[in-house]
>>> print(open('start04.pdb').read())   # PDB, C-alpha atoms and all ligand atoms
ATOM      1  CA  MET M 174     106.229  80.012  66.487  1.00  0.00           C
ATOM      2  CA  GLU M 175     106.503  83.774  66.318  1.00  0.00           C
ATOM      3  CA  ASP M 176     103.366  85.687  65.407  1.00  0.00           C
ATOM      4  CA  CYS M 177     101.071  82.702  65.706  1.00  0.00           C
ATOM      5  CA  LEU M 178      97.924  83.494  67.682  1.00  0.00           C
ATOM      6  CA  PHE M 179      97.435  79.961  68.986  1.00  0.00           C
ATOM      7  CA  CYS M 180     101.126  79.545  69.934  1.00  0.00           C
ATOM      8  CA  LYS M 181     100.701  82.749  71.990  1.00  0.00           C
ATOM      9  CA  ILE M 182      97.549  81.341  73.608  1.00  0.00           C
ATOM     10  CA  ILE M 183      99.405  78.077  74.455  1.00  0.00           C
ATOM     11  CA  ASP M 184     102.268  80.116  75.977  1.00  0.00           C
ATOM     12  CA  GLY M 185      99.799  82.222  78.007  1.00  0.00           C
ATOM     13  CA  GLU M 186     100.937  85.400  76.238  1.00  0.00           C
ATOM     14  CA  ILE M 187      97.315  85.871  75.160  1.00  0.00           C
ATOM     15  CA  PRO M 188      94.744  84.945  77.825  1.00  0.00           C
ATOM     16  CA  SER M 189      92.191  82.206  77.172  1.00  0.00           C
ATOM     17  CA  LYS M 190      89.578  80.218  79.053  1.00  0.00           C
ATOM     18  CA  LYS M 191      91.191  76.796  79.395  1.00  0.00           C
ATOM     19  CA  VAL M 192      89.021  73.699  79.216  1.00  0.00           C
ATOM     20  CA  TYR M 193      91.793  71.066  78.960  1.00  0.00           C
ATOM     21  CA  GLU M 194      95.577  70.757  78.975  1.00  0.00           C
ATOM     22  CA  ASP M 195      98.142  67.967  78.876  1.00  0.00           C
ATOM     23  CA  GLU M 196     101.647  67.443  77.484  1.00  0.00           C
ATOM     24  CA  TYR M 197     100.410  67.482  73.865  1.00  0.00           C
ATOM     25  CA  VAL M 198      97.153  69.420  73.837  1.00  0.00           C
ATOM     26  CA  TYR M 199      95.741  72.780  74.904  1.00  0.00           C
ATOM     27  CA  ALA M 200      91.994  73.509  74.624  1.00  0.00           C
ATOM     28  CA  PHE M 201      90.112  76.725  75.305  1.00  0.00           C
ATOM     29  CA  LEU M 202      86.724  78.328  74.727  1.00  0.00           C
ATOM     30  CA  ASP M 203      86.305  80.009  71.351  1.00  0.00           C
ATOM     31  CA  ILE M 204      86.111  83.817  71.629  1.00  0.00           C
ATOM     32  CA  ASP M 205      83.248  83.902  69.082  1.00  0.00           C
ATOM     33  CA  PRO M 206      81.224  80.741  69.822  1.00  0.00           C
ATOM     34  CA  LYS M 207      79.224  79.113  67.013  1.00  0.00           C
ATOM     35  CA  ALA M 208      77.319  76.872  69.446  1.00  0.00           C
ATOM     36  CA  PRO M 209      76.414  77.111  73.165  1.00  0.00           C
ATOM     37  CA  PHE M 210      79.521  75.015  73.853  1.00  0.00           C
ATOM     38  CA  HIS M 211      82.445  75.765  71.516  1.00  0.00           C
ATOM     39  CA  ALA M 212      85.998  74.810  72.424  1.00  0.00           C
ATOM     40  CA  VAL M 213      89.128  74.818  70.262  1.00  0.00           C
ATOM     41  CA  PHE M 214      91.731  72.042  70.634  1.00  0.00           C
ATOM     42  CA  VAL M 215      95.265  72.753  69.478  1.00  0.00           C
ATOM     43  CA  PRO M 216      98.496  70.744  69.426  1.00  0.00           C
ATOM     44  CA  LYS M 217     101.324  72.142  71.580  1.00  0.00           C
ATOM     45  CA  LYS M 218     103.449  72.128  68.445  1.00  0.00           C
ATOM     46  CA  HIS M 219     103.076  74.504  65.546  1.00  0.00           C
ATOM     47  CA  ILE M 220     101.464  72.457  62.759  1.00  0.00           C
ATOM     48  CA  LYS M 221      99.890  74.710  60.130  1.00  0.00           C
ATOM     49  CA  SER M 222      96.765  72.820  59.074  1.00  0.00           C
ATOM     50  CA  PRO M 223      95.229  69.388  58.510  1.00  0.00           C
ATOM     51  CA  ALA M 224      97.194  69.323  55.243  1.00  0.00           C
ATOM     52  CA  ASP M 225     100.423  69.209  57.294  1.00  0.00           C
ATOM     53  CA  ILE M 226      99.608  66.128  59.395  1.00  0.00           C
ATOM     54  CA  ASN M 227     102.159  63.379  58.756  1.00  0.00           C
ATOM     55  CA  ALA M 228     103.784  60.307  60.324  1.00  0.00           C
ATOM     56  CA  GLU M 229     106.055  62.539  62.448  1.00  0.00           C
ATOM     57  CA  ASN M 230     103.311  64.603  64.086  1.00  0.00           C
ATOM     58  CA  SER M 231     100.106  62.522  63.941  1.00  0.00           C
ATOM     59  CA  LEU M 232     100.438  61.544  67.613  1.00  0.00           C
ATOM     60  CA  TYR M 233      99.267  65.081  68.404  1.00  0.00           C
ATOM     61  CA  VAL M 234      96.055  64.433  66.475  1.00  0.00           C
ATOM     62  CA  ALA M 235      95.415  61.187  68.354  1.00  0.00           C
ATOM     63  CA  LYS M 236      96.019  63.005  71.654  1.00  0.00           C
ATOM     64  CA  ILE M 237      93.589  65.762  70.598  1.00  0.00           C
ATOM     65  CA  TYR M 238      90.860  63.195  69.932  1.00  0.00           C
ATOM     66  CA  GLU M 239      91.518  61.601  73.340  1.00  0.00           C
ATOM     67  CA  ALA M 240      91.191  65.072  74.884  1.00  0.00           C
ATOM     68  CA  ILE M 241      87.958  65.738  73.000  1.00  0.00           C
ATOM     69  CA  SER M 242      86.508  62.493  74.326  1.00  0.00           C
ATOM     70  CA  ALA M 243      87.545  63.434  77.888  1.00  0.00           C
ATOM     71  CA  VAL M 244      86.000  66.915  77.632  1.00  0.00           C
ATOM     72  CA  ALA M 245      82.818  65.519  76.051  1.00  0.00           C
ATOM     73  CA  LYS M 246      82.488  63.325  79.149  1.00  0.00           C
ATOM     74  CA  SER M 247      83.335  66.015  81.699  1.00  0.00           C
ATOM     75  CA  GLU M 248      80.957  68.485  79.982  1.00  0.00           C
ATOM     76  CA  ASN M 249      78.204  65.843  79.754  1.00  0.00           C
ATOM     77  CA  LEU M 250      77.780  66.179  76.000  1.00  0.00           C
ATOM     78  CA  GLU M 251      75.769  62.965  75.858  1.00  0.00           C
ATOM     79  CA  ASN M 252      73.391  64.394  73.212  1.00  0.00           C
ATOM     80  CA  GLY M 253      76.308  64.493  70.807  1.00  0.00           C
ATOM     81  CA  PHE M 254      78.685  67.000  69.339  1.00  0.00           C
ATOM     82  CA  ARG M 255      80.622  67.867  66.189  1.00  0.00           C
ATOM     83  CA  VAL M 256      84.377  68.056  65.618  1.00  0.00           C
ATOM     84  CA  VAL M 257      85.494  70.337  62.781  1.00  0.00           C
ATOM     85  CA  ALA M 258      88.945  71.039  61.374  1.00  0.00           C
ATOM     86  CA  ASN M 259      88.911  73.798  58.761  1.00  0.00           C
ATOM     87  CA  CYS M 260      91.735  73.716  56.218  1.00  0.00           C
ATOM     88  CA  GLY M 261      92.968  76.530  54.022  1.00  0.00           C
ATOM     89  CA  LYS M 262      91.046  79.296  52.289  1.00  0.00           C
ATOM     90  CA  ASP M 263      88.147  77.281  50.905  1.00  0.00           C
ATOM     91  CA  GLY M 264      87.891  75.330  54.158  1.00  0.00           C
ATOM     92  CA  GLY M 265      87.401  78.558  56.116  1.00  0.00           C
ATOM     93  CA  GLN M 266      90.613  78.350  58.166  1.00  0.00           C
ATOM     94  CA  THR M 267      91.434  81.774  59.640  1.00  0.00           C
ATOM     95  CA  VAL M 268      94.225  80.842  62.075  1.00  0.00           C
ATOM     96  CA  GLY M 269      97.280  79.060  60.669  1.00  0.00           C
ATOM     97  CA  HIS M 270      97.833  76.646  63.566  1.00  0.00           C
ATOM     98  CA  LEU M 271      96.053  73.260  63.342  1.00  0.00           C
ATOM     99  CA  HIS M 272      92.915  73.215  65.478  1.00  0.00           C
ATOM    100  CA  PHE M 273      89.804  71.160  66.036  1.00  0.00           C
ATOM    101  CA  HIS M 274      86.521  72.832  66.967  1.00  0.00           C
ATOM    102  CA  LEU M 275      84.276  70.980  69.425  1.00  0.00           C
ATOM    103  CA  LEU M 276      80.715  72.242  68.970  1.00  0.00           C
ATOM    104  CA  ALA M 277      77.798  71.155  71.128  1.00  0.00           C
ATOM    105  CA  ARG M 278      74.572  71.909  73.010  1.00  0.00           C
ATOM    106  CA  ARG M 279      72.473  72.642  69.948  1.00  0.00           C
ATOM    107  CA  TYR M 280      71.319  70.633  66.919  1.00  0.00           C
ATOM    108  CA  LEU M 281      73.988  70.974  64.238  1.00  0.00           C
ATOM    109  CA  GLN M 282      72.727  70.992  60.678  1.00  0.00           C
ATOM    110  CA  TRP M 283      74.167  68.472  58.218  1.00  0.00           C
ATOM    111  CA  PRO M 284      75.550  69.036  55.649  1.00  0.00           C
ATOM    112  CA  PRO M 285      77.071  72.321  56.846  1.00  0.00           C
ATOM    113  CA  GLY M 286      76.911  75.407  54.607  1.00  0.00           C
TER     114      GLY M 286
HETATM  115  P1  LIG O 301      89.103  78.805  62.062  1.00  0.00           P
HETATM  116  O1  LIG O 301      88.184  79.847  61.503  1.00  0.00           O
HETATM  117  O2  LIG O 301      90.535  79.050  61.678  1.00  0.00           O
HETATM  118  O3  LIG O 301      88.682  77.379  61.816  1.00  0.00           O
HETATM  119  O4  LIG O 301      89.005  78.944  63.631  1.00  0.00           O
HETATM  120  C1  LIG O 301      89.650  79.925  64.368  1.00  0.00           C
HETATM  121  C2  LIG O 301      88.818  80.153  65.598  1.00  0.00           C
HETATM  122  O5  LIG O 301      89.588  80.864  66.534  1.00  0.00           O
HETATM  123  C3  LIG O 301      87.550  80.977  65.337  1.00  0.00           C
HETATM  124  O6  LIG O 301      86.394  80.214  65.695  1.00  0.00           O
HETATM  125  C4  LIG O 301      87.737  82.206  66.211  1.00  0.00           C
HETATM  126  O7  LIG O 301      86.539  82.661  66.816  1.00  0.00           O
HETATM  127  C5  LIG O 301      88.749  81.743  67.231  1.00  0.00           C
HETATM  128  N1  LIG O 301      89.600  82.803  67.750  1.00  0.00           N
HETATM  129  C6  LIG O 301      90.226  83.776  67.017  1.00  0.00           C
HETATM  130  N2  LIG O 301      90.941  84.573  67.823  1.00  0.00           N
HETATM  131  C7  LIG O 301      90.769  84.099  69.089  1.00  0.00           C
HETATM  132  C8  LIG O 301      91.257  84.523  70.368  1.00  0.00           C
HETATM  133  O8  LIG O 301      92.022  85.479  70.509  1.00  0.00           O
HETATM  134  N3  LIG O 301      90.847  83.807  71.459  1.00  0.00           N
HETATM  135  C9  LIG O 301      89.996  82.735  71.345  1.00  0.00           C
HETATM  136  N4  LIG O 301      89.646  82.113  72.484  1.00  0.00           N
HETATM  137  N5  LIG O 301      89.531  82.309  70.157  1.00  0.00           N
HETATM  138  C10 LIG O 301      89.915  82.976  69.039  1.00  0.00           C
HETATM  139 ZN    ZN O 302     101.282  78.179  66.225  1.00  0.00          ZN
END
>>> encode(input="start04.pdb", output="structure tokens", more="lines below")
Ligand code: 5GP
Ligand code: ZN
Amino acid sequence: MEDCLFCKIIDGEIPSKKVYEDEYVYAFLDIDPKAPFHAVFVPKKHIKSPADINAENSLYVAKIYEAISAVAKSENLENGFRVVANCGKDGGQTVGHLHFHLLARRYLQWPPG
């Protein structure tokens, strides 16, 4: 989609540090990491937010979770990690393309702020 930051990252128009890619998923290191390991997983289809997941596109979400599991293994995140999907204004979403944060390598407070 035009003018979408993450669509441009998927297309390579904006450079990123790739951590994973397949037919459905692209994942890259966050430019402003909130943990020592912080990657962002995005579907290779423009879905706006978690509120827009439906029966037609939910395969992308399943594929993202498979990718997260694969990266957690390859990055040796055996101490654990957190997956976060922010949604809308109150959820703290700043980029309007569905994404899942994978945060790891520090203790993550619960509940979050
Ligand atoms: P949100 O706040 O929408 O849940 O997450 C958006 C994330 O994208 C933020 O953690 C932010 O640091 C990251 N981000 C924003 N612009 C860029 C960019 O140009 N490159 C990369 N790698 N990450 C970005
Ligand atoms: Zn997009």
>>> closest_atom_pairs(input="start04.pdb", of="chain M", to="ligand ZN 302 (chain O)", cutoff="8 Å", atoms="only C-alpha atoms and all ligand atoms", output="CSV")
residue,atom,partner,partner_atom,distance
M:Met174,CA,O:ZN302,ZN,5.3
M:Glu175,CA,O:ZN302,ZN,7.7
M:Asp176,CA,O:ZN302,ZN,7.8
M:Cys177,CA,O:ZN302,ZN,4.6
M:Leu178,CA,O:ZN302,ZN,6.5
M:Phe179,CA,O:ZN302,ZN,5.1
M:Cys180,CA,O:ZN302,ZN,4.0
M:Lys181,CA,O:ZN302,ZN,7.4
M:Lys218,CA,O:ZN302,ZN,6.8
M:His219,CA,O:ZN302,ZN,4.1
M:Ile220,CA,O:ZN302,ZN,6.7
M:Lys221,CA,O:ZN302,ZN,7.1
M:Gly269,CA,O:ZN302,ZN,6.9
M:His270,CA,O:ZN302,ZN,4.6
M:Leu271,CA,O:ZN302,ZN,7.7
>>> closest_residue(input="start04.pdb", among="M:Tyr238, M:Phe214, M:Tyr193, M:Phe254", to="ligand LIG 301 (chain O)", atoms="only C-alpha atoms and all ligand atoms")
M:Phe214
>>> closest_residue(input="start04.pdb", among="M:Leu276, M:Leu232, M:Ala212, M:Ala258", to="Val192 in chain M", atoms="only C-alpha atoms")
M:Ala212
>>> residues_near_ligand(input="start04.pdb", ligand="ligand LIG 301 (chain O)", cutoff="10 Å", atoms="all atoms listed in the file", output="VMD selection string")
chain M and resid 178 to 179 181 to 182 187 to 191 200 to 207 211 to 214 222 257 to 262 264 to 274
>>> residues_around(input="start04.pdb", residues="Leu281 in chain M", least_positions_apart="6", cutoff="10 Å", atoms="all atoms listed in the file", output="list of chain:residue names")
M:Ala208, M:Gly253, M:Phe254, M:Arg255
>>> closest_residue(input="start04.pdb", among="M:Ile183, M:Val215, M:Val198, M:Ala277", to="Leu250 in chain M", atoms="all atoms listed in the file")
M:Ala277
>>> atom_distance(input="start04.pdb", atom1="CA of Gly286 in chain M", atom2="CA of Asn252 in chain M")
21.9 Å
>>> atom_distance(input="start04.pdb", atom1="CA of Arg279 in chain M", atom2="CA of Pro216 in chain M")
26.1 Å
>>> atom_distance(input="start04.pdb", atom1="CA of Ile226 in chain M", atom2="CA of Ala245 in chain M")
23.7 Å
>>> closest_residue(input="start04.pdb", among="M:Arg278, M:Lys217, M:Asp195, M:Glu186", to="Glu251 in chain M", atoms="only C-alpha atoms")
M:Arg278
>>> build_atoms(input="start04.pdb", residues="range 255-272 of chain M", atoms="N, CA and C atoms", output="PDB file, in the coordinates of the input")
ATOM      1  N   ARG M 255      79.928  67.909  67.486  1.00  0.00           N
ATOM      2  CA  ARG M 255      80.622  67.867  66.189  1.00  0.00           C
ATOM      3  C   ARG M 255      82.058  68.319  66.365  1.00  0.00           C
ATOM      4  N   VAL M 256      82.965  67.654  65.658  1.00  0.00           N
ATOM      5  CA  VAL M 256      84.377  68.056  65.618  1.00  0.00           C
ATOM      6  C   VAL M 256      84.661  68.536  64.197  1.00  0.00           C
ATOM      7  N   VAL M 257      85.243  69.734  64.096  1.00  0.00           N
ATOM      8  CA  VAL M 257      85.494  70.337  62.781  1.00  0.00           C
ATOM      9  C   VAL M 257      86.941  70.817  62.718  1.00  0.00           C
ATOM     10  N   ALA M 258      87.605  70.486  61.627  1.00  0.00           N
ATOM     11  CA  ALA M 258      88.945  71.039  61.374  1.00  0.00           C
ATOM     12  C   ALA M 258      88.907  71.727  60.016  1.00  0.00           C
ATOM     13  N   ASN M 259      88.911  73.046  60.011  1.00  0.00           N
ATOM     14  CA  ASN M 259      88.911  73.798  58.761  1.00  0.00           C
ATOM     15  C   ASN M 259      90.324  73.818  58.188  1.00  0.00           C
ATOM     16  N   CYS M 260      90.417  73.754  56.867  1.00  0.00           N
ATOM     17  CA  CYS M 260      91.735  73.716  56.218  1.00  0.00           C
ATOM     18  C   CYS M 260      91.793  74.678  55.045  1.00  0.00           C
ATOM     19  N   GLY M 261      92.710  75.629  55.150  1.00  0.00           N
ATOM     20  CA  GLY M 261      92.968  76.530  54.022  1.00  0.00           C
ATOM     21  C   GLY M 261      91.830  77.492  53.740  1.00  0.00           C
ATOM     22  N   LYS M 262      91.977  78.214  52.640  1.00  0.00           N
ATOM     23  CA  LYS M 262      91.046  79.296  52.289  1.00  0.00           C
ATOM     24  C   LYS M 262      89.633  78.778  52.059  1.00  0.00           C
ATOM     25  N   ASP M 263      89.486  77.791  51.201  1.00  0.00           N
ATOM     26  CA  ASP M 263      88.147  77.281  50.905  1.00  0.00           C
ATOM     27  C   ASP M 263      87.543  76.540  52.098  1.00  0.00           C
ATOM     28  N   GLY M 264      88.378  76.022  52.965  1.00  0.00           N
ATOM     29  CA  GLY M 264      87.891  75.330  54.158  1.00  0.00           C
ATOM     30  C   GLY M 264      87.514  76.271  55.283  1.00  0.00           C
ATOM     31  N   GLY M 265      87.787  77.573  55.102  1.00  0.00           N
ATOM     32  CA  GLY M 265      87.401  78.558  56.116  1.00  0.00           C
ATOM     33  C   GLY M 265      88.369  78.676  57.281  1.00  0.00           C
ATOM     34  N   GLN M 266      89.623  78.239  57.085  1.00  0.00           N
ATOM     35  CA  GLN M 266      90.613  78.350  58.166  1.00  0.00           C
ATOM     36  C   GLN M 266      91.108  79.790  58.255  1.00  0.00           C
ATOM     37  N   THR M 267      90.997  80.380  59.461  1.00  0.00           N
ATOM     38  CA  THR M 267      91.434  81.774  59.640  1.00  0.00           C
ATOM     39  C   THR M 267      92.685  81.887  60.504  1.00  0.00           C
ATOM     40  N   VAL M 268      93.015  80.831  61.247  1.00  0.00           N
ATOM     41  CA  VAL M 268      94.225  80.842  62.075  1.00  0.00           C
ATOM     42  C   VAL M 268      95.119  79.690  61.604  1.00  0.00           C
ATOM     43  N   GLY M 269      96.381  80.029  61.278  1.00  0.00           N
ATOM     44  CA  GLY M 269      97.280  79.060  60.669  1.00  0.00           C
ATOM     45  C   GLY M 269      98.017  78.177  61.651  1.00  0.00           C
ATOM     46  N   HIS M 270      97.294  77.631  62.619  1.00  0.00           N
ATOM     47  CA  HIS M 270      97.833  76.646  63.566  1.00  0.00           C
ATOM     48  C   HIS M 270      96.724  75.593  63.676  1.00  0.00           C
ATOM     49  N   LEU M 271      97.042  74.348  63.342  1.00  0.00           N
ATOM     50  CA  LEU M 271      96.053  73.260  63.342  1.00  0.00           C
ATOM     51  C   LEU M 271      95.151  73.324  64.571  1.00  0.00           C
ATOM     52  N   HIS M 272      93.847  73.210  64.346  1.00  0.00           N
ATOM     53  CA  HIS M 272      92.915  73.215  65.478  1.00  0.00           C
ATOM     54  C   HIS M 272      91.649  72.461  65.128  1.00  0.00           C
TER      55      HIS M 272
END
